[in-house]
Protein chains: 2
Amino acid sequence: MPDRLVRKLEILGRLTPADCAALAQAPGPARDFPRDADMVSEGDRPSVCILLLQGLACRYRSLSDGRRQILAFQFPGDIVDLQGFVLRRMDHSVMTLTRCRAAPIGHDVLRRLVSEHPPVGLALWRDTLVDAAMLREWVVGLGQRPAYERMAHLFCEVAYRVAALGGAPAASFDFPVTQVELGDALGLSVVHVNRVMQRLRAEGLLSHRGGTVTIHDWGGLRLAGDFDPGYLHPEPTELAERAFGIATDH
Amino acid sequence: MPDRLVRKLEILGRLTPADCAALAQAPGPARDFPRDADMVSEGDRPSVCILLLQGLACRYRSLSDGRRQILAFQFPGDIVDLQGFVLRRMDHSVMTLTRCRAAPIGHDVLRRLVSEHPPVGLALWRDTLVDAAMLREWVVGLGQRPAYERMAHLFCEVAYRVAALGGAPAASFDFPVTQVELGDALGLSVVHVNRVMQRLRAEGLLSHRGGTVTIHDWGGLRLAGDFDPGYLHPEPTELAERAFGIATDH
DNA sequence: CGAAGGCTTGATAGACCTCAAACACAGTGG
DNA sequence: CCACTGTGTTTGAGGTCTATCAAGCCTTCG
């Protein structure tokens, strides 16, 4: 069910039914990946993009000495290596964090889709830019926020992203990551992640057990994380759409 | 002289002479900005993009309590708020670090340019993705690298970027930033920036006086910064270009 | 010459890391 | 049914990197 992708791009790009239909037909047969498996590796020059259908994955880069930095979490509906379509060479890897189901979209298919349906091309461009906005927010967090705030902020972001697209974040949702993985995402050691998590729990903000996050105090969490969802660009955008042949009713 | 922009996009996108000509005509009359002036502010919904012609600028985000994180340095030839064209609302600000000269490119002009010259659109998309690649590298640095390595890495990146586009980095180049600004970019205090700079100097790697960086030991600096320029995607890319009507001679 | 901004230095403090080990829990096999 | 193993979480005790505070110094510029 690539519906999540369609819905996401619909929000980003104001697609016509024809665009949506073409988009929905793009993915090939789904395939399963085991846990902890690389879907794409740094240095690859893929000829297909991978659309995540089920499960949780992450983009990451590992350094020469074994350190690893997680760059983004990927949820169902995300194209995990759209970059590879536009830039050819992957400068980072993508791996599964749980068992995953994913469908390939051939670059040739995507190419035809984009040239025959310009609004889809624009929506994809926007998608990569929202991605970049999240990266900026991570830079801000890693550079300026102390661990506690950084962590609260991350959970806010994730809550927003797993929420029904465009909807309000749920009080409880799946987020099956280990504390090691949280550490690699936040630039913290496991030990410290653990202590910060305990504090978040003690303050009554959230708990994380068995891969499920439960937010007990959304307002408090937002405050603790100094979270402002503006950078996620939730509002449908109606921009320079005419360049891509879209009527702007504005 | 918007030539730097043309050259950059030429590398990114394999433009025809007609594309280049159209691109070169896009910018409006240049304008000067004083030092420390905002060119675009968070929350703006600009109707033009700003092409930097001379001087040094940076993108940044400031937090509620006054902390500030610099997200990227912008050099001549960069469109500092291309994001605003595609995503409408700016989620960060851009300010000058020196006196600057810049030319506006109206969104309407850009829109026509992109629709009449699809290769330019693709090149711009690529440009935003290279930007994102640099952000990822900053995330890795802030999350995983200690101050010394992080700083060495930054100077490597800047050396590459100010180099004649596509060429080898020069031994000496202008980079007029204060140590406060370096701190805001690297997530370090001024005091620590100062001490790390002294160490880089003491180790004979580089010096930074009067706004000019001189690299004394390029190999050593690269090593100290664990620097691999792959993420800058220097190689011309010849990808799904046919989607944008570009003949691939490959 | 005085003021302002930037650089440099020293001393102290705190956030976070590393090392090391114990604990909990699920899956496996005898 | 009970070890047994493995992965993930939790705790404790140092140790380090980097921040903060507080001056002093240098250069530039009006």
# chains A, B, ... in the order shown; residues from 1 in each chain; ligands from 1
call {"tool": "select_by_dssp", "arguments": {"residues": "stretch 85-225 of chain A", "states": "strand (DSSP E or B)", "output": "list in words"}}
result
Ser93, Val94, Met95, Thr96, Cys100, Arg101, Ala102, Ala103, Pro104, Ile105, Gly106, Ser172, Phe173, Asp174, Leu206, Ser207, His208, Arg209, Thr212, Val213, Thr214 and Ile215 of chain A
call {"tool": "residues_around", "arguments": {"residues": "A:Ile50", "least_positions_apart": "2", "cutoff": "8 Å", "atoms": "only C-alpha atoms (C1' of nucleotides)", "output": "list of chain:residue names"}}
result
A:Val48, A:Leu52, A:Ile79, A:Val80, A:Asp81, A:Leu82, A:Ala102, A:Ala103, A:Pro104, A:Ile105
call {"tool": "closest_residue", "arguments": {"among": "B:Pro229, B:Gly220, B:Gly66, B:Gly210", "to": "chain D", "atoms": "only C-alpha atoms (C1' of nucleotides)"}}
result
B:Gly210
call {"tool": "select_by_dssp", "arguments": {"residues": "stretch 57-188 of chain A", "states": "helix (DSSP H, G or I)", "output": "number ranges by chain"}}
result
A: 82-87, 107-116, 118-144, 147-162, 179-186
call {"tool": "residues_around", "arguments": {"residues": "stretch 86-92 of chain B", "least_positions_apart": "2", "cutoff": "10 Å", "atoms": "only C-alpha atoms (C1' of nucleotides)", "output": "ChimeraX atom specification"}}
result
/A:12,122-123,125-127,129-130,133,136-137,230-233,235-241 /B:40-47,59-62,70-71,81-84,94,107,111,125
call {"tool": "write_last_selection", "arguments": {"atoms": "N, CA and C atoms", "output": "compact mmCIF listing (two decimals), in the first residue's frame"}}
result
# COMPACT_ATOMS: atom_id res chain seq x y z
N LEU A 12 2.08 17.75 -0.14
CA LEU A 12 3.20 18.59 -0.55
C LEU A 12 2.96 19.26 -1.89
N LEU A 122 7.72 18.23 -8.69
CA LEU A 122 7.80 19.32 -7.71
C LEU A 122 7.58 18.80 -6.30
N ALA A 123 6.60 17.92 -6.16
CA ALA A 123 6.33 17.37 -4.82
C ALA A 123 7.54 16.61 -4.30
N TRP A 125 10.66 17.19 -5.10
CA TRP A 125 11.67 18.19 -4.74
C TRP A 125 11.35 18.74 -3.34
N ARG A 126 10.09 19.04 -3.15
CA ARG A 126 9.69 19.54 -1.84
C ARG A 126 9.98 18.54 -0.74
N ASP A 127 9.73 17.30 -1.04
CA ASP A 127 9.98 16.27 -0.05
C ASP A 127 11.45 16.27 0.37
N LEU A 129 13.35 18.74 0.32
CA LEU A 129 13.63 19.96 1.06
C LEU A 129 13.11 19.89 2.50
N VAL A 130 12.00 19.21 2.69
CA VAL A 130 11.52 19.01 4.06
C VAL A 130 12.53 18.15 4.82
N ALA A 133 15.17 20.29 5.90
CA ALA A 133 14.75 21.10 7.05
C ALA A 133 14.92 20.31 8.34
N ARG A 136 18.53 20.32 9.27
CA ARG A 136 18.91 21.58 9.90
C ARG A 136 18.53 21.56 11.38
N GLU A 137 17.35 21.05 11.65
CA GLU A 137 16.91 21.01 13.04
C GLU A 137 17.80 20.09 13.86
N GLY A 230 7.22 24.15 13.06
CA GLY A 230 7.22 24.92 11.82
C GLY A 230 8.12 24.34 10.74
N TYR A 231 9.27 23.83 11.14
CA TYR A 231 10.24 23.35 10.15
C TYR A 231 9.78 22.11 9.40
N LEU A 232 8.74 21.47 9.90
CA LEU A 232 8.23 20.29 9.19
C LEU A 232 7.33 20.68 8.03
N HIS A 233 7.07 21.96 7.91
CA HIS A 233 6.27 22.48 6.79
C HIS A 233 4.99 21.69 6.60
N GLU A 235 1.93 22.71 6.44
CA GLU A 235 0.89 23.34 5.62
C GLU A 235 1.14 23.01 4.16
N PRO A 236 0.06 22.69 3.45
CA PRO A 236 0.18 22.50 2.02
C PRO A 236 0.75 23.76 1.41
N THR A 237 1.65 23.60 0.49
CA THR A 237 2.30 24.76 -0.10
C THR A 237 1.77 24.98 -1.51
N GLU A 238 1.53 26.21 -1.84
CA GLU A 238 1.00 26.48 -3.18
C GLU A 238 1.87 27.51 -3.87
N LEU A 239 3.06 27.05 -4.23
CA LEU A 239 4.11 27.98 -4.61
C LEU A 239 4.22 28.27 -6.11
N ALA A 240 5.40 28.07 -6.57
CA ALA A 240 5.72 28.38 -7.96
C ALA A 240 5.23 27.23 -8.81
N GLU A 241 4.00 26.86 -8.54
CA GLU A 241 3.51 25.61 -9.08
C GLU A 241 3.26 25.70 -10.57
N VAL B 40 17.44 37.54 4.66
CA VAL B 40 16.13 36.91 4.74
C VAL B 40 15.94 36.48 6.18
N SER B 41 14.72 36.53 6.66
CA SER B 41 14.48 36.15 8.05
C SER B 41 13.54 34.96 8.15
N GLU B 42 13.73 34.19 9.19
CA GLU B 42 12.86 33.07 9.49
C GLU B 42 11.42 33.56 9.47
N GLY B 43 10.56 32.80 8.84
CA GLY B 43 9.16 33.17 8.80
C GLY B 43 8.77 33.94 7.54
N ASP B 44 9.76 34.50 6.87
CA ASP B 44 9.48 35.22 5.62
C ASP B 44 8.86 34.30 4.58
N ARG B 45 8.06 34.92 3.72
CA ARG B 45 7.57 34.21 2.53
C ARG B 45 8.01 35.03 1.33
N PRO B 46 9.29 34.89 0.99
CA PRO B 46 9.86 35.80 -0.01
C PRO B 46 9.26 35.58 -1.39
N SER B 47 9.33 36.63 -2.20
CA SER B 47 8.86 36.53 -3.58
C SER B 47 10.02 36.60 -4.56
N ARG B 59 23.68 30.97 6.75
CA ARG B 59 22.33 30.64 7.17
C ARG B 59 22.39 30.27 8.63
N TYR B 60 21.40 30.61 9.38
CA TYR B 60 21.44 30.31 10.80
C TYR B 60 20.03 30.22 11.37
N ARG B 61 19.95 29.65 12.53
CA ARG B 61 18.71 29.64 13.29
C ARG B 61 19.03 30.08 14.70
N SER B 62 18.20 30.93 15.25
CA SER B 62 18.46 31.31 16.64
C SER B 62 17.34 30.77 17.53
N ILE B 70 24.82 28.33 13.40
CA ILE B 70 25.04 28.59 11.98
C ILE B 70 24.93 27.27 11.24
N LEU B 71 24.15 27.28 10.17
CA LEU B 71 23.82 26.05 9.46
C LEU B 71 24.64 25.86 8.20
N ASP B 81 18.52 31.50 -0.59
CA ASP B 81 17.20 31.08 -0.11
C ASP B 81 16.39 30.41 -1.22
N LEU B 82 17.04 29.49 -1.88
CA LEU B 82 16.36 28.74 -2.92
C LEU B 82 15.20 27.96 -2.30
N GLN B 83 15.39 27.59 -1.03
CA GLN B 83 14.34 26.88 -0.33
C GLN B 83 13.01 27.63 -0.37
N GLY B 84 13.10 28.95 -0.25
CA GLY B 84 11.91 29.77 -0.23
C GLY B 84 11.11 29.69 -1.52
N VAL B 94 19.03 34.17 6.98
CA VAL B 94 20.32 34.32 6.31
C VAL B 94 20.85 35.69 6.64
N HIS B 107 10.75 35.13 -8.15
CA HIS B 107 10.22 33.77 -8.22
C HIS B 107 9.51 33.54 -9.55
N ARG B 111 10.45 30.74 -12.08
CA ARG B 111 9.41 29.80 -12.47
C ARG B 111 9.42 29.60 -13.99
N TRP B 125 17.56 21.49 -8.35
CA TRP B 125 17.21 20.42 -7.41
C TRP B 125 18.49 19.79 -6.87
call {"tool": "atom_distance", "arguments": {"atom1": "atom CA of A:His153", "atom2": "atom CA of A:Gly225"}}
result
4.1 Å
call {"tool": "interface_residues", "arguments": {"of": "chain B", "to": "chain D", "cutoff": "9 Å", "atoms": "only C-alpha atoms (C1' of nucleotides)", "output": "list in words"}}
result
Pro146, Ala147, Leu188, Ser189, Val191 and His192 of chain B
call {"tool": "interface_residues", "arguments": {"of": "chain C", "to": "chain B", "cutoff": "9 Å", "atoms": "only C-alpha atoms (C1' of nucleotides)", "output": "PyMOL selection string"}}
result
chain C and resi 6-8
call {"tool": "write_last_selection", "arguments": {"atoms": "N, CA and C atoms (P, O5', C5', C4', C3', O3' and C1' of nucleotides)", "output": "mmCIF file, in the first residue's frame"}}
result
data_model
loop_
_atom_site.group_PDB
_atom_site.id
_atom_site.type_symbol
_atom_site.label_atom_id
_atom_site.label_comp_id
_atom_site.auth_asym_id
_atom_site.auth_seq_id
_atom_site.Cartn_x
_atom_site.Cartn_y
_atom_site.Cartn_z
ATOM 1 P P DG C 6 33.342 41.650 16.592
ATOM 2 O "O5'" DG C 6 34.766 41.011 16.888
ATOM 3 C "C5'" DG C 6 35.828 41.255 15.973
ATOM 4 C "C4'" DG C 6 37.113 40.801 16.607
ATOM 5 C "C3'" DG C 6 37.152 39.313 16.968
ATOM 6 O "O3'" DG C 6 38.202 38.712 16.237
ATOM 7 C "C1'" DG C 6 38.022 40.660 18.710
ATOM 8 P P DC C 7 38.465 37.154 16.379
ATOM 9 O "O5'" DC C 7 39.669 37.115 17.422
ATOM 10 C "C5'" DC C 7 40.921 37.657 17.026
ATOM 11 C "C4'" DC C 7 41.874 37.586 18.199
ATOM 12 C "C3'" DC C 7 42.192 36.171 18.692
ATOM 13 O "O3'" DC C 7 43.610 36.002 18.622
ATOM 14 C "C1'" DC C 7 41.640 37.608 20.501
ATOM 15 P P DT C 8 44.244 34.590 18.952
ATOM 16 O "O5'" DT C 8 44.457 34.673 20.525
ATOM 17 C "C5'" DT C 8 45.393 35.596 21.052
ATOM 18 C "C4'" DT C 8 45.426 35.503 22.570
ATOM 19 C "C3'" DT C 8 45.643 34.094 23.139
ATOM 20 O "O3'" DT C 8 46.911 34.080 23.774
ATOM 21 C "C1'" DT C 8 43.993 35.309 24.352
#
call {"tool": "atom_distance", "arguments": {"atom1": "atom CA of B:Gly183", "atom2": "atom C1' of C:DC16"}}
result
19.2 Å
call {"tool": "closest_residue", "arguments": {"among": "B:Trp138, B:Phe155, B:Phe173, B:Trp218", "to": "chain A", "atoms": "only C-alpha atoms"}}
result
B:Trp138
call {"tool": "decode", "arguments": {"residues": "stretch 100-133 of chain A", "atoms": "N, CA and C atoms", "output": "short mmCIF file (atom, residue, chain, number, x, y, z; two decimals), in the first residue's frame"}}
result
data_model
loop_
_atom_site.label_atom_id
_atom_site.label_comp_id
_atom_site.auth_asym_id
_atom_site.auth_seq_id
_atom_site.Cartn_x
_atom_site.Cartn_y
_atom_site.Cartn_z
N CYS A 100 11.37 -5.10 7.67
CA CYS A 100 10.75 -4.08 6.81
C CYS A 100 10.22 -4.70 5.53
N ARG A 101 9.24 -4.02 5.00
CA ARG A 101 8.72 -4.37 3.68
C ARG A 101 8.86 -3.12 2.82
N ALA A 102 9.40 -3.31 1.64
CA ALA A 102 9.68 -2.15 0.79
C ALA A 102 9.50 -2.50 -0.67
N ALA A 103 9.16 -1.49 -1.46
CA ALA A 103 8.95 -1.70 -2.89
C ALA A 103 9.91 -0.83 -3.68
N PRO A 104 10.49 -1.39 -4.73
CA PRO A 104 11.39 -0.60 -5.57
C PRO A 104 10.61 0.25 -6.57
N ILE A 105 11.16 1.40 -6.89
CA ILE A 105 10.64 2.22 -7.98
C ILE A 105 11.81 2.48 -8.91
N GLY A 106 11.77 1.88 -10.09
CA GLY A 106 12.90 2.02 -11.01
C GLY A 106 13.15 3.48 -11.36
N HIS A 107 14.41 3.83 -11.48
CA HIS A 107 14.73 5.20 -11.85
C HIS A 107 14.12 5.57 -13.20
N ASP A 108 14.04 4.57 -14.09
CA ASP A 108 13.44 4.86 -15.40
C ASP A 108 11.95 5.15 -15.25
N VAL A 109 11.29 4.38 -14.38
CA VAL A 109 9.87 4.64 -14.11
C VAL A 109 9.69 6.02 -13.52
N LEU A 110 10.53 6.32 -12.56
CA LEU A 110 10.44 7.61 -11.89
C LEU A 110 10.70 8.75 -12.87
N ARG A 111 11.66 8.52 -13.75
CA ARG A 111 12.00 9.53 -14.74
C ARG A 111 10.78 9.83 -15.62
N ARG A 112 10.11 8.77 -16.09
CA ARG A 112 8.94 8.97 -16.94
C ARG A 112 7.84 9.66 -16.14
N LEU A 113 7.67 9.20 -14.91
CA LEU A 113 6.63 9.78 -14.05
C LEU A 113 6.84 11.29 -13.90
N VAL A 114 8.07 11.66 -13.64
CA VAL A 114 8.37 13.06 -13.41
C VAL A 114 8.19 13.89 -14.68
N SER A 115 8.56 13.33 -15.83
CA SER A 115 8.45 14.14 -17.04
C SER A 115 7.01 14.22 -17.53
N GLU A 116 6.23 13.17 -17.26
CA GLU A 116 4.83 13.20 -17.69
C GLU A 116 3.92 13.87 -16.67
N HIS A 117 4.37 13.92 -15.44
CA HIS A 117 3.57 14.52 -14.37
C HIS A 117 4.42 15.50 -13.58
N PRO A 118 4.67 16.65 -14.14
CA PRO A 118 5.54 17.64 -13.47
C PRO A 118 5.16 17.92 -12.02
N PRO A 119 3.88 17.94 -11.67
CA PRO A 119 3.56 18.21 -10.25
C PRO A 119 4.18 17.18 -9.31
N VAL A 120 4.30 15.95 -9.80
CA VAL A 120 4.93 14.93 -8.97
C VAL A 120 6.40 15.28 -8.77
N GLY A 121 7.03 15.77 -9.82
CA GLY A 121 8.43 16.17 -9.70
C GLY A 121 8.60 17.27 -8.66
N LEU A 122 7.72 18.23 -8.69
CA LEU A 122 7.80 19.32 -7.71
C LEU A 122 7.58 18.80 -6.30
N ALA A 123 6.60 17.92 -6.16
CA ALA A 123 6.33 17.37 -4.82
C ALA A 123 7.54 16.61 -4.30
N LEU A 124 8.21 15.90 -5.18
CA LEU A 124 9.40 15.17 -4.76
C LEU A 124 10.52 16.13 -4.35
N TRP A 125 10.66 17.19 -5.10
CA TRP A 125 11.67 18.19 -4.74
C TRP A 125 11.35 18.74 -3.34
N ARG A 126 10.09 19.04 -3.15
CA ARG A 126 9.69 19.54 -1.84
C ARG A 126 9.98 18.54 -0.74
N ASP A 127 9.73 17.30 -1.04
CA ASP A 127 9.98 16.27 -0.05
C ASP A 127 11.45 16.27 0.37
N THR A 128 12.34 16.38 -0.61
CA THR A 128 13.76 16.41 -0.26
C THR A 128 14.09 17.66 0.55
N LEU A 129 13.35 18.74 0.32
CA LEU A 129 13.63 19.96 1.06
C LEU A 129 13.11 19.89 2.50
N VAL A 130 12.00 19.21 2.69
CA VAL A 130 11.52 19.01 4.06
C VAL A 130 12.53 18.15 4.82
N ASP A 131 13.04 17.16 4.12
CA ASP A 131 14.12 16.36 4.67
C ASP A 131 15.28 17.23 5.12
N ALA A 132 15.67 18.15 4.26
CA ALA A 132 16.78 19.04 4.59
C ALA A 132 16.43 19.90 5.80
N ALA A 133 15.17 20.29 5.90
CA ALA A 133 14.75 21.10 7.05
C ALA A 133 14.92 20.31 8.34
#
